[in-house]
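Peer 1: My questions will all concern the structure given below.
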Amino acid sequence: MAAKAISRFPVPEIKDLPEDIRERVLAVQEKSGFVPNVFLTLAHRPDEFRAFFAYHDALMDKPGPITKAEREMIVVATSNANQCQYCVVAHGAILRIRAKDPLIADQVAINYRKADITPRQMAMIDFAMKVSAQAYAVGETDLAVLREHGFTDEDIWDIAAIAAFFGMSNRLANVTSMRPNDEFYAMGR
């Protein structure tokens, strides 16, 4: 059986990548045991790769009151709404690991309103979903709900930025027909 393409666009060989990108890809490979296809797909355009991952890291790796698992919840829920198979599968795996819960990613992806999450997390995802689908309709009432759950204005910015960034990421993944790595399906289960 022939391997399926991971992208509709050319995928560079790791050996041909600019040094900084090659080092990052190899570090990820060493840590996870494989190279997530997003790295190879986006390496097609090195300057955009660098910008994408700089913003990704600024949003997803920062400490704060929104945990890394909660950040992944936002990604999984909004990516499902955007029908992005790659991001639901890949970030679902990361969510399972960060939450130490083998069920949470499937629950959040399928219907976060029925997932085993807190009212605070529900409010966070409700807002992220509105940003993802109807950002033009976000108003003061939406922010007030989040504040009632203890979110600060900086937290609200983070929620919105994650939903917006992954809206762009979902669209690129869908256009490129980015294939999730098989490894993601079993992670954290």
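Each chain in the structure tokens gets a letter, A, B, ..., in the order shown, and its residues are numbered from 1; ligands are numbered from 1 in order too.
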Write out as a list in words the residues lying within 12 Å of Arg45 in chain A, counting only C-alpha atoms and excluding same-chain residues fewer than 6 positions away.

Peer 2: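 Contacts, in chain order: Phe9, Pro10, Val11, Pro12, Leu17, Pro18, Ile21, Val38, Phe39, Ala51 and Phe52 of chain A.
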
Peer 1: Can you tell me, as JSON, numbers by chain, what residues are no more than 12 Å from range 58-66 of chain A when counting only C-alpha atoms, ignoring any on the same chain fewer than 4 positions away?

Peer 2: {"A": [51, 52, 53, 54, 70, 71, 72, 73, 74, 75, 91, 94, 95, 98, 120, 121, 124, 125, 149, 150, 151, 152, 153, 154, 155, 156, 157, 158, 159, 160, 161, 162, 163, 164, 165, 166]}

Peer 1: Taking only C-alpha atoms into account, name the residue in A:Asn111, A:Thr118, A:Ser79, A:Gln29 that is nearest to Ala133 in chain A.

Peer 2: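 For Ala133 in chain A, the nearest of the candidates is A:Ser79.
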
Peer 1: Using only C-alpha atoms for the distances, tell me which of A:Lys114, A:Thr78, A:Arg24, A:Gly188 is nearest to Lys130 in chain A.

Peer 2: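 So, comparing all the options, the nearest one is A:Thr78.
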
Peer 1: Could you state the separation of CA of His56 in chain A and CA of Met168 in chain A in Å, given to one decimal place?

Peer 2: 11.3 Å

Peer 1: Going by DSSP on the backbone, which bits of range 30-160 of chain A are helix (DSSP H, G or I)? Write them as a ChimeraX atom specification, please.

Peer 2: /A:30-32,37-42,46-60,68-81,85-99,104-114,119-137,140-148,153-160

Peer 1: Let's have the selection written as a short mmCIF file (atom, residue, chain, number, x, y, z; two decimals), in the first residue's frame, with C-alpha atoms.

Peer 2:
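Dumped everything to again.cif:
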```cif
data_model
loop_
_atom_site.label_atom_id
_atom_site.label_comp_id
_atom_site.auth_asym_id
_atom_site.auth_seq_id
_atom_site.Cartn_x
_atom_site.Cartn_y
_atom_site.Cartn_z
CA GLU A 30 13.50 13.70 19.00
CA LYS A 31 10.92 14.70 21.62
CA SER A 32 7.85 13.06 20.07
CA ASN A 37 3.00 16.71 9.25
CA VAL A 38 2.22 20.36 9.95
CA PHE A 39 5.95 21.04 10.22
CA LEU A 40 6.71 19.48 6.87
CA THR A 41 3.70 20.99 5.13
CA LEU A 42 4.38 24.53 6.32
CA PRO A 46 10.07 28.99 5.27
CA ASP A 47 9.30 32.64 6.11
CA GLU A 48 5.66 31.80 6.78
CA PHE A 49 6.71 28.71 8.77
CA ARG A 50 8.77 30.92 11.07
CA ALA A 51 5.97 33.47 11.52
CA PHE A 52 3.34 30.77 12.06
CA PHE A 53 5.28 28.95 14.75
CA ALA A 54 6.40 32.15 16.47
CA TYR A 55 2.76 33.17 16.92
CA HIS A 56 1.71 29.60 17.75
CA ASP A 57 4.31 29.41 20.51
CA ALA A 58 3.42 32.86 21.87
CA LEU A 59 -0.21 31.78 22.22
CA MET A 60 0.05 28.14 23.22
CA LYS A 68 -2.18 24.58 28.34
CA ALA A 69 -4.91 21.94 28.37
CA GLU A 70 -7.60 24.64 28.22
CA ARG A 71 -5.82 26.28 25.31
CA GLU A 72 -5.96 22.93 23.53
CA MET A 73 -9.70 22.69 24.32
CA ILE A 74 -10.20 25.93 22.40
CA VAL A 75 -8.26 24.53 19.45
CA VAL A 76 -10.11 21.22 19.40
CA ALA A 77 -13.60 22.75 19.66
CA THR A 78 -13.06 25.48 17.08
CA SER A 79 -11.17 23.17 14.73
CA ASN A 80 -14.07 20.75 14.79
CA ALA A 81 -16.45 23.60 13.95
CA GLN A 85 -9.38 16.96 10.57
CA TYR A 86 -5.67 17.60 11.06
CA CYS A 87 -6.10 20.02 13.96
CA VAL A 88 -8.83 18.01 15.71
CA VAL A 89 -6.71 14.86 15.58
CA ALA A 90 -3.33 16.46 16.39
CA HIS A 91 -4.53 18.87 19.06
CA GLY A 92 -6.91 16.25 20.41
CA ALA A 93 -3.85 14.11 21.14
CA ILE A 94 -2.12 17.04 22.83
CA LEU A 95 -5.27 17.78 24.85
CA ARG A 96 -5.51 14.18 26.07
CA ILE A 97 -1.90 14.33 27.22
CA ARG A 98 -2.08 17.77 28.83
CA ALA A 99 -5.40 17.07 30.56
CA ILE A 104 -11.81 14.78 26.97
CA ALA A 105 -10.64 15.47 23.40
CA ASP A 106 -13.39 13.36 21.84
CA GLN A 107 -15.99 14.95 24.10
CA VAL A 108 -14.85 18.49 23.31
CA ALA A 109 -14.55 17.80 19.57
CA ILE A 110 -17.93 16.15 19.18
CA ASN A 111 -20.02 18.38 21.44
CA TYR A 112 -18.20 20.45 24.05
CA ARG A 113 -21.56 21.38 25.60
CA LYS A 114 -21.89 17.80 26.82
CA PRO A 119 -18.73 26.04 33.71
CA ARG A 120 -15.66 28.31 33.36
CA GLN A 121 -14.30 26.16 30.54
CA MET A 122 -17.76 26.08 28.92
CA ALA A 123 -17.88 29.89 28.93
CA MET A 124 -14.36 30.02 27.49
CA ILE A 125 -15.23 27.67 24.64
CA ASP A 126 -18.58 29.38 23.99
CA PHE A 127 -16.69 32.62 23.48
CA ALA A 128 -14.00 30.97 21.33
CA MET A 129 -16.69 29.44 19.13
CA LYS A 130 -18.31 32.85 18.67
CA VAL A 131 -14.95 34.37 17.75
CA SER A 132 -14.38 31.51 15.31
CA ALA A 133 -17.75 31.77 13.56
CA GLN A 134 -19.11 35.25 14.27
CA ALA A 135 -16.34 37.55 15.47
CA TYR A 136 -18.29 40.50 14.07
CA ALA A 137 -21.02 39.81 16.65
CA GLU A 140 -19.56 43.67 25.75
CA THR A 141 -22.06 41.09 26.99
CA ASP A 142 -19.76 38.30 25.79
CA LEU A 143 -16.83 39.80 27.68
CA ALA A 144 -18.97 40.31 30.79
CA VAL A 145 -19.82 36.60 30.86
CA LEU A 146 -16.15 35.72 30.76
CA ARG A 147 -15.32 38.22 33.50
CA GLU A 148 -18.02 36.59 35.68
CA ASP A 153 -9.06 41.19 29.72
CA GLU A 154 -5.66 39.61 28.95
CA ASP A 155 -7.22 36.14 29.23
CA ILE A 156 -10.06 37.20 26.93
CA TRP A 157 -7.51 38.44 24.39
CA ASP A 158 -5.76 35.05 24.58
CA ILE A 159 -8.99 33.12 24.02
CA ALA A 160 -9.85 35.30 21.02
#
```

Peer 1: Can you measure CA of Lys4 in chain A to CA of Arg22 in chain A for me? One decimal in Å is fine.

Peer 2: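 Distance reported for this atom pair: 22.8 Å.
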
Peer 1: What is the distance between CA of Ile14 in chain A and CA of Glu183 in chain A, in Å to one decimal?

Peer 2: 18.9 Å
